[in-house]
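The next block is input.cif, given as mmCIF, C-alpha atoms.
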```cif
data_my_file
#
loop_
_atom_site.group_PDB
_atom_site.id
_atom_site.type_symbol
_atom_site.label_atom_id
_atom_site.label_comp_id
_atom_site.auth_asym_id
_atom_site.auth_seq_id
_atom_site.Cartn_x
_atom_site.Cartn_y
_atom_site.Cartn_z
ATOM 1 C CA MET F 1 -124.925 85.559 93.114
ATOM 2 C CA THR F 2 -127.269 83.342 95.107
ATOM 3 C CA LEU F 3 -130.210 85.596 94.342
ATOM 4 C CA SER F 4 -129.694 85.402 90.602
ATOM 5 C CA LEU F 5 -129.179 81.631 90.792
ATOM 6 C CA THR F 6 -132.470 81.253 92.676
ATOM 7 C CA ALA F 7 -134.262 83.415 90.132
ATOM 8 C CA THR F 8 -132.776 81.365 87.309
ATOM 9 C CA ALA F 9 -133.798 78.104 88.955
ATOM 10 C CA ARG F 10 -137.375 79.340 89.252
ATOM 11 C CA THR F 11 -137.680 80.629 85.685
ATOM 12 C CA ARG F 12 -135.802 77.832 83.883
ATOM 13 C CA PRO F 13 -138.671 75.302 83.606
ATOM 14 C CA ALA F 14 -140.908 77.948 82.044
ATOM 15 C CA SER F 15 -138.217 78.896 79.529
ATOM 16 C CA CYS F 16 -138.023 75.233 78.443
ATOM 17 C CA GLY F 17 -141.780 74.983 77.990
ATOM 18 C CA LEU F 18 -142.473 73.034 81.201
ATOM 19 C CA PRO F 19 -144.733 74.009 84.107
ATOM 20 C CA SER F 20 -142.791 75.609 86.955
ATOM 21 C CA PRO F 21 -142.486 73.460 90.081
ATOM 22 C CA ARG F 22 -144.128 75.357 92.898
ATOM 23 C CA GLY F 23 -143.024 74.802 96.453
ATOM 24 C CA LEU F 24 -139.698 73.253 95.493
ATOM 25 C CA ARG F 25 -136.607 74.810 96.931
ATOM 26 C CA PRO F 26 -133.847 75.145 94.337
ATOM 27 C CA TRP F 27 -130.736 73.410 95.652
ATOM 28 C CA VAL F 28 -127.284 74.045 94.411
ATOM 29 C CA LEU F 29 -125.512 70.764 93.800
ATOM 30 C CA SER F 30 -121.778 70.689 93.668
ATOM 31 C CA CYS F 31 -119.076 68.118 93.281
ATOM 32 C CA ILE F 32 -116.839 68.460 96.304
ATOM 33 C CA PRO F 33 -113.500 66.721 95.909
ATOM 34 C CA GLY F 34 -113.012 63.768 98.212
ATOM 35 C CA ARG F 35 -109.950 65.301 99.872
ATOM 36 C CA ARG F 36 -111.642 68.546 100.902
ATOM 37 C CA ARG F 37 -112.579 68.665 104.583
ATOM 38 C CA SER F 38 -114.881 71.653 104.837
ATOM 39 C CA ARG F 39 -118.180 72.180 103.083
ATOM 40 C CA THR F 40 -119.988 75.409 102.460
ATOM 41 C CA ALA F 41 -123.429 75.818 103.986
ATOM 42 C CA LYS F 42 -125.364 76.459 100.780
ATOM 43 C CA THR F 43 -124.181 73.481 98.748
ATOM 44 C CA ARG F 44 -124.791 69.755 98.912
ATOM 45 C CA THR F 45 -122.786 66.959 97.444
ATOM 46 C CA ALA F 46 -124.283 64.469 95.044
ATOM 47 C CA GLY F 47 -124.835 61.916 97.810
ATOM 48 C CA GLU F 48 -126.736 64.388 100.000
ATOM 49 C CA THR F 49 -129.747 65.098 97.832
ATOM 50 C CA SER F 50 -132.399 64.517 100.509
ATOM 51 C CA GLY F 51 -134.920 67.318 100.333
ATOM 52 C CA ALA F 52 -133.756 68.432 96.918
ATOM 53 C CA PRO F 53 -136.020 68.243 93.882
ATOM 54 C CA ALA F 54 -135.761 64.882 92.156
ATOM 55 C CA SER F 55 -135.993 66.185 88.592
ATOM 56 C CA ILE F 56 -132.274 66.228 87.922
ATOM 57 C CA SER F 57 -129.989 63.958 89.839
ATOM 58 C CA SER F 58 -126.656 62.342 89.424
ATOM 59 C CA ALA F 59 -126.056 59.500 87.015
ATOM 60 C CA THR F 60 -123.280 58.350 89.353
ATOM 61 C CA PRO F 61 -124.630 59.447 92.776
ATOM 62 C CA SER F 62 -121.547 59.240 94.915
ATOM 63 C CA GLY F 63 -119.590 56.906 92.732
ATOM 64 C CA ALA F 64 -116.103 57.055 91.480
ATOM 65 C CA ALA F 65 -115.456 58.745 88.177
ATOM 66 C CA TRP F 66 -112.737 58.000 85.636
ATOM 67 C CA PRO F 67 -109.334 57.951 87.335
ATOM 68 C CA ARG F 68 -106.990 60.874 87.088
ATOM 69 C CA ALA F 69 -103.260 60.652 87.637
ATOM 70 C CA ARG F 70 -103.857 60.463 91.418
ATOM 71 C CA GLY F 71 -106.543 57.790 91.216
ATOM 72 C CA TYR F 72 -110.337 57.828 91.376
ATOM 73 C CA PHE F 73 -112.175 60.984 92.334
ATOM 74 C CA THR F 74 -115.728 61.779 93.331
ATOM 75 C CA GLY F 75 -117.752 62.813 90.304
ATOM 76 C CA PHE F 76 -121.163 64.238 89.571
ATOM 77 C CA SER F 77 -123.001 63.950 86.281
ATOM 78 C CA PRO F 78 -126.313 65.821 86.271
ATOM 79 C CA ALA F 79 -128.899 63.739 84.477
ATOM 80 C CA ILE F 80 -132.573 62.851 84.628
ATOM 81 C CA SER F 81 -133.402 61.073 87.885
ATOM 82 C CA ALA F 82 -135.016 57.658 88.196
ATOM 83 C CA THR F 83 -138.279 59.131 89.518
ATOM 84 C CA ALA F 84 -138.426 61.652 86.661
ATOM 85 C CA ARG F 85 -137.784 58.817 84.180
ATOM 86 C CA LYS F 86 -140.725 56.908 85.626
ATOM 87 C CA ALA F 87 -142.911 60.009 85.510
ATOM 88 C CA LYS F 88 -142.069 60.681 81.866
ATOM 89 C CA GLY F 89 -142.743 57.031 81.001
ATOM 90 C CA LYS F 90 -146.142 57.307 82.676
ATOM 91 C CA GLN F 91 -146.903 60.483 80.729
ATOM 92 C CA ILE F 92 -146.025 58.722 77.484
ATOM 93 C CA ARG F 93 -148.334 55.837 78.409
ATOM 94 C CA ASP F 94 -151.075 58.315 79.310
ATOM 95 C CA TRP F 95 -151.016 59.705 75.751
ATOM 96 C CA HIS F 96 -152.665 56.417 74.656
ATOM 97 C CA LEU F 97 -151.159 56.621 71.192
ATOM 98 C CA ASN F 98 -152.359 53.144 70.238
ATOM 99 C CA ARG F 99 -155.964 54.244 70.750
ATOM 100 C CA ARG F 100 -155.602 57.105 68.253
ATOM 101 C CA SER F 101 -155.701 54.969 65.135
ATOM 102 C CA GLY F 102 -157.992 57.489 63.443
ATOM 103 C CA THR F 103 -155.366 60.234 63.492
ATOM 104 C CA ASP F 104 -152.552 60.907 61.077
ATOM 105 C CA LEU F 105 -148.847 60.661 61.961
ATOM 106 C CA SER F 106 -148.300 64.384 61.382
ATOM 107 C CA ILE F 107 -151.155 65.223 63.774
ATOM 108 C CA LEU F 108 -149.575 62.997 66.427
ATOM 109 C CA ALA F 109 -146.284 64.803 65.883
ATOM 110 C CA LYS F 110 -147.934 68.222 66.317
ATOM 111 C CA GLU F 111 -149.569 67.081 69.558
ATOM 112 C CA ILE F 112 -146.568 65.506 71.285
ATOM 113 C CA ASN F 113 -143.628 67.513 69.907
ATOM 114 C CA PRO F 114 -143.975 70.591 72.180
ATOM 115 C CA GLN F 115 -143.988 68.451 75.305
ATOM 116 C CA VAL F 116 -141.105 66.236 74.163
ATOM 117 C CA GLN F 117 -139.047 69.261 73.087
ATOM 118 C CA GLY F 118 -139.571 70.755 76.551
ATOM 119 C CA TRP F 119 -138.287 67.549 78.163
ATOM 120 C CA ILE F 120 -135.256 67.534 75.866
ATOM 121 C CA ASN F 121 -134.468 71.183 76.639
ATOM 122 C CA TYR F 122 -134.876 70.756 80.405
ATOM 123 C CA TYR F 123 -133.464 67.304 81.139
ATOM 124 C CA GLY F 124 -131.003 67.202 78.259
ATOM 125 C CA ALA F 125 -129.169 70.402 79.076
ATOM 126 C CA PHE F 126 -126.193 68.580 80.595
ATOM 127 C CA TYR F 127 -126.449 64.840 79.879
ATOM 128 C CA ARG F 128 -128.384 64.451 76.653
ATOM 129 C CA SER F 129 -127.522 60.794 76.077
ATOM 130 C CA GLU F 130 -129.495 59.820 79.189
ATOM 131 C CA LEU F 131 -132.666 60.716 77.272
ATOM 132 C CA ARG F 132 -132.281 57.977 74.681
ATOM 133 C CA PHE F 133 -134.648 55.771 76.680
ATOM 134 C CA LEU F 134 -137.278 58.456 76.142
ATOM 135 C CA ALA F 135 -136.871 58.321 72.369
ATOM 136 C CA TRP F 136 -137.005 54.535 72.264
ATOM 137 C CA ARG F 137 -140.071 54.480 74.505
ATOM 138 C CA ILE F 138 -141.901 56.917 72.222
ATOM 139 C CA ASN F 139 -140.850 54.921 69.153
ATOM 140 C CA GLU F 140 -142.228 51.739 70.734
ATOM 141 C CA HIS F 141 -145.555 53.467 71.259
ATOM 142 C CA LEU F 142 -145.519 54.810 67.697
ATOM 143 C CA ALA F 143 -144.861 51.286 66.383
ATOM 144 C CA ARG F 144 -147.842 50.017 68.402
ATOM 145 C CA TRP F 145 -149.882 52.883 66.955
ATOM 146 C CA ALA F 146 -148.905 51.734 63.446
ATOM 147 C CA MET F 147 -149.855 48.148 64.350
ATOM 148 C CA HIS F 148 -153.354 49.355 65.268
ATOM 149 C CA LYS F 149 -153.676 51.769 62.345
ATOM 150 C CA PHE F 150 -152.546 49.563 59.450
ATOM 151 C CA LYS F 151 -153.796 46.006 58.899
ATOM 152 C CA ARG F 152 -150.530 44.884 57.330
ATOM 153 C CA PHE F 153 -148.696 45.537 60.624
ATOM 154 C CA ARG F 154 -151.110 43.775 62.989
ATOM 155 C CA GLY F 155 -149.054 41.447 65.150
ATOM 156 C CA LYS F 156 -145.863 42.383 63.276
ATOM 157 C CA TYR F 157 -143.850 44.668 65.527
ATOM 158 C CA ALA F 158 -140.635 44.374 63.483
ATOM 159 C CA LYS F 159 -142.415 45.448 60.288
ATOM 160 C CA ALA F 160 -143.997 48.385 62.091
ATOM 161 C CA MET F 161 -140.574 49.479 63.356
ATOM 162 C CA ALA F 162 -139.122 49.105 59.848
ATOM 163 C CA TRP F 163 -141.928 51.313 58.519
ATOM 164 C CA LEU F 164 -141.187 53.881 61.250
ATOM 165 C CA GLN F 165 -137.541 53.793 60.190
ATOM 166 C CA LYS F 166 -138.547 54.583 56.608
ATOM 167 C CA VAL F 167 -140.649 57.492 57.836
ATOM 168 C CA TYR F 168 -137.564 58.713 59.702
ATOM 169 C CA GLN F 169 -135.514 58.523 56.513
ATOM 170 C CA TYR F 170 -138.043 60.573 54.529
ATOM 171 C CA LYS F 171 -138.918 63.085 57.272
ATOM 172 C CA PRO F 172 -136.177 63.111 59.941
ATOM 173 C CA GLY F 173 -137.530 66.273 61.601
ATOM 174 C CA LEU F 174 -141.098 65.048 62.017
ATOM 175 C CA PHE F 175 -140.740 64.117 65.691
ATOM 176 C CA ALA F 176 -138.663 66.060 68.203
ATOM 177 C CA HIS F 177 -137.281 62.937 69.886
ATOM 178 C CA TRP F 178 -135.673 61.709 66.657
ATOM 179 C CA GLN F 179 -132.816 64.134 67.223
ATOM 180 C CA LEU F 180 -131.724 61.984 70.186
ATOM 181 C CA ILE F 181 -131.324 58.708 68.308
ATOM 182 C CA ALA F 182 -130.373 57.533 64.864
ATOM 183 C CA PHE F 183 -132.076 54.598 63.172
ATOM 184 C CA THR F 184 -129.651 52.191 61.586
#
```

Here is a file; write its structure as structure tokens.
Amino acid sequence: MTLSLTATARTRPASCGLPSPRGLRPWVLSCIPGRRRSRTAKTRTAGETSGAPASISSATPSGAAWPRARGYFTGFSPAISATARKAKGKQIRDWHLNRRSGTDLSILAKEINPQVQGWINYYGAFYRSELRFLAWRINEHLARWAMHKFKRFRGKYAKAMAWLQKVYQYKPGLFAHWQLIAFT
């Protein structure tokens, strides 16, 4: 079982469209109940993630989860880690969308959709709602792109966001990250 889990951990990033992390040891994270006294050698609890890859971590590291009939229990919610969030934010900034005022919106979508869909498939496998920040960050950059592209939006962030909302209403599948949020 451990061999197949290791093989799966090594091939999963490639199946989601992301580069495989070389040199990272795949750790098996488990939620060990607070009353258990013994731990197995191959697993780590959510609080013991030192040395483990930082791509997916716990949204509540060693915190208490919703109480059961006996009271609070130790929980683990696999989600995107803080360092991975920062890295994805830096990658979005490195796209320099606001500098591409000569390109069309559909061309931007074709360029960024494969990468964003890979992030959604990899990091959103268990805790998809933690990726909403990613969608809002990309939308902010798209609004800034519209402010640079169209004269009527220069200095008018709210109007650019309203225009982006109308684009969402007419073409909801244009960007991959629009499946994570809903404009209201």

The PyMOL selection byres ((chain F and resi 138-147) around 8) - which residues does that actually catch in the file I just gave you? List them as a VMD selection string.
chain F and resid 92 97 to 101 134 to 137 148 to 157 160 to 161 164 177

Output file for the selection above: C-alpha atoms, as a compact mmCIF listing (two decimals), keeping the file's coordinate frame:
```
# COMPACT_ATOMS: atom_id res chain seq x y z
CA ILE F 92 -146.02 58.72 77.48
CA LEU F 97 -151.16 56.62 71.19
CA ASN F 98 -152.36 53.14 70.24
CA ARG F 99 -155.96 54.24 70.75
CA ARG F 100 -155.60 57.10 68.25
CA SER F 101 -155.70 54.97 65.14
CA LEU F 134 -137.28 58.46 76.14
CA ALA F 135 -136.87 58.32 72.37
CA TRP F 136 -137.00 54.54 72.26
CA ARG F 137 -140.07 54.48 74.50
CA HIS F 148 -153.35 49.36 65.27
CA LYS F 149 -153.68 51.77 62.34
CA PHE F 150 -152.55 49.56 59.45
CA LYS F 151 -153.80 46.01 58.90
CA ARG F 152 -150.53 44.88 57.33
CA PHE F 153 -148.70 45.54 60.62
CA ARG F 154 -151.11 43.78 62.99
CA GLY F 155 -149.05 41.45 65.15
CA LYS F 156 -145.86 42.38 63.28
CA TYR F 157 -143.85 44.67 65.53
CA ALA F 160 -144.00 48.38 62.09
CA MET F 161 -140.57 49.48 63.36
CA LEU F 164 -141.19 53.88 61.25
CA HIS F 177 -137.28 62.94 69.89
```

Using 3 Å of padding on each side, determine the axis-aligned box around all atoms of region 82-101 of chain F present in the file and give its centre and edge lengths in Å to one decimal, as AutoDock Vina command-line options.
```
--center_x -145.5 --center_y 57.4 --center_z 77.3 --size_x 26.9 --size_y 14.5 --size_z 30.4
```

Please list as a PyMOL selection string every residue within 12 Å of Lys110 (chain F), counting only C-alpha atoms and excluding residues in the same chain fewer than 6 positions away.
chain F and resi 103-104+116-117+173-176

Would you mind telling me which residue in F:Ala79, F:Gln165, F:Thr8, F:Phe183 lies nearest to Ser129 (chain F) when using only C-alpha atoms?
F:Ala79

Straight-line distance linking CA of Leu131 (chain F) with CA of Pro172 (chain F), stated in Å to one decimal
17.8 Å

How about completing region 119-144 of chain F with N, CA and C atoms and giving it to me as an mmCIF file, keeping the file's coordinate frame?
```
data_model
loop_
_atom_site.group_PDB
_atom_site.id
_atom_site.type_symbol
_atom_site.label_atom_id
_atom_site.label_comp_id
_atom_site.auth_asym_id
_atom_site.auth_seq_id
_atom_site.Cartn_x
_atom_site.Cartn_y
_atom_site.Cartn_z
ATOM 1 N N TRP F 119 -139.057 68.535 77.385
ATOM 2 C CA TRP F 119 -138.287 67.549 78.163
ATOM 3 C C TRP F 119 -136.835 67.531 77.707
ATOM 4 N N ILE F 120 -136.618 67.572 76.394
ATOM 5 C CA ILE F 120 -135.256 67.534 75.866
ATOM 6 C C ILE F 120 -134.484 68.782 76.297
ATOM 7 N N ASN F 121 -135.132 69.939 76.239
ATOM 8 C CA ASN F 121 -134.468 71.183 76.639
ATOM 9 C C ASN F 121 -134.151 71.193 78.126
ATOM 10 N N TYR F 122 -135.061 70.685 78.958
ATOM 11 C CA TYR F 122 -134.876 70.756 80.405
ATOM 12 C C TYR F 122 -133.936 69.667 80.909
ATOM 13 N N TYR F 123 -134.245 68.413 80.603
ATOM 14 C CA TYR F 123 -133.464 67.304 81.139
ATOM 15 C C TYR F 123 -132.197 67.039 80.336
ATOM 16 N N GLY F 124 -132.150 67.474 79.096
ATOM 17 C CA GLY F 124 -131.003 67.202 78.259
ATOM 18 C C GLY F 124 -129.991 68.322 78.204
ATOM 19 N N ALA F 125 -130.087 69.271 79.104
ATOM 20 C CA ALA F 125 -129.169 70.402 79.076
ATOM 21 C C ALA F 125 -127.731 69.980 79.355
ATOM 22 N N PHE F 126 -127.536 68.968 80.208
ATOM 23 C CA PHE F 126 -126.193 68.580 80.595
ATOM 24 C C PHE F 126 -125.813 67.176 80.147
ATOM 25 N N TYR F 127 -126.767 66.241 80.143
ATOM 26 C CA TYR F 127 -126.449 64.840 79.879
ATOM 27 C C TYR F 127 -127.487 64.309 78.905
ATOM 28 N N ARG F 128 -127.366 64.732 77.655
ATOM 29 C CA ARG F 128 -128.384 64.451 76.653
ATOM 30 C C ARG F 128 -128.534 62.967 76.332
ATOM 31 N N SER F 129 -127.465 62.206 76.435
ATOM 32 C CA SER F 129 -127.522 60.794 76.077
ATOM 33 C C SER F 129 -128.370 59.982 77.049
ATOM 34 N N GLU F 130 -128.629 60.519 78.242
ATOM 35 C CA GLU F 130 -129.495 59.820 79.189
ATOM 36 C C GLU F 130 -130.955 59.845 78.751
ATOM 37 N N LEU F 131 -131.285 60.617 77.739
ATOM 38 C CA LEU F 131 -132.666 60.716 77.272
ATOM 39 C C LEU F 131 -132.975 59.758 76.129
ATOM 40 N N ARG F 132 -132.018 58.912 75.770
ATOM 41 C CA ARG F 132 -132.281 57.977 74.681
ATOM 42 C C ARG F 132 -133.414 57.017 75.005
ATOM 43 N N PHE F 133 -133.546 56.656 76.281
ATOM 44 C CA PHE F 133 -134.648 55.771 76.680
ATOM 45 C C PHE F 133 -135.983 56.405 76.310
ATOM 46 N N LEU F 134 -136.056 57.729 76.444
ATOM 47 C CA LEU F 134 -137.278 58.456 76.142
ATOM 48 C C LEU F 134 -137.633 58.307 74.664
ATOM 49 N N ALA F 135 -136.636 58.448 73.813
ATOM 50 C CA ALA F 135 -136.871 58.321 72.369
ATOM 51 C C ALA F 135 -137.293 56.902 72.004
ATOM 52 N N TRP F 136 -136.636 55.916 72.577
ATOM 53 C CA TRP F 136 -137.005 54.535 72.264
ATOM 54 C C TRP F 136 -138.394 54.200 72.791
ATOM 55 N N ARG F 137 -138.740 54.731 73.950
ATOM 56 C CA ARG F 137 -140.071 54.480 74.505
ATOM 57 C C ARG F 137 -141.143 55.069 73.604
ATOM 58 N N ILE F 138 -140.926 56.289 73.114
ATOM 59 C CA ILE F 138 -141.901 56.917 72.222
ATOM 60 C C ILE F 138 -141.980 56.150 70.901
ATOM 61 N N ASN F 139 -140.837 55.708 70.385
ATOM 62 C CA ASN F 139 -140.850 54.921 69.153
ATOM 63 C C ASN F 139 -141.601 53.608 69.320
ATOM 64 N N GLU F 140 -141.464 52.964 70.474
ATOM 65 C CA GLU F 140 -142.228 51.739 70.734
ATOM 66 C C GLU F 140 -143.727 52.014 70.687
ATOM 67 N N HIS F 141 -144.135 53.119 71.273
ATOM 68 C CA HIS F 141 -145.555 53.467 71.259
ATOM 69 C C HIS F 141 -146.022 53.837 69.851
ATOM 70 N N LEU F 142 -145.160 54.490 69.080
ATOM 71 C CA LEU F 142 -145.519 54.810 67.697
ATOM 72 C C LEU F 142 -145.628 53.543 66.845
ATOM 73 N N ALA F 143 -144.764 52.561 67.107
ATOM 74 C CA ALA F 143 -144.861 51.286 66.383
ATOM 75 C C ALA F 143 -146.165 50.573 66.740
ATOM 76 N N ARG F 144 -146.548 50.609 68.003
ATOM 77 C CA ARG F 144 -147.842 50.017 68.402
ATOM 78 C C ARG F 144 -149.000 50.767 67.761
#
```
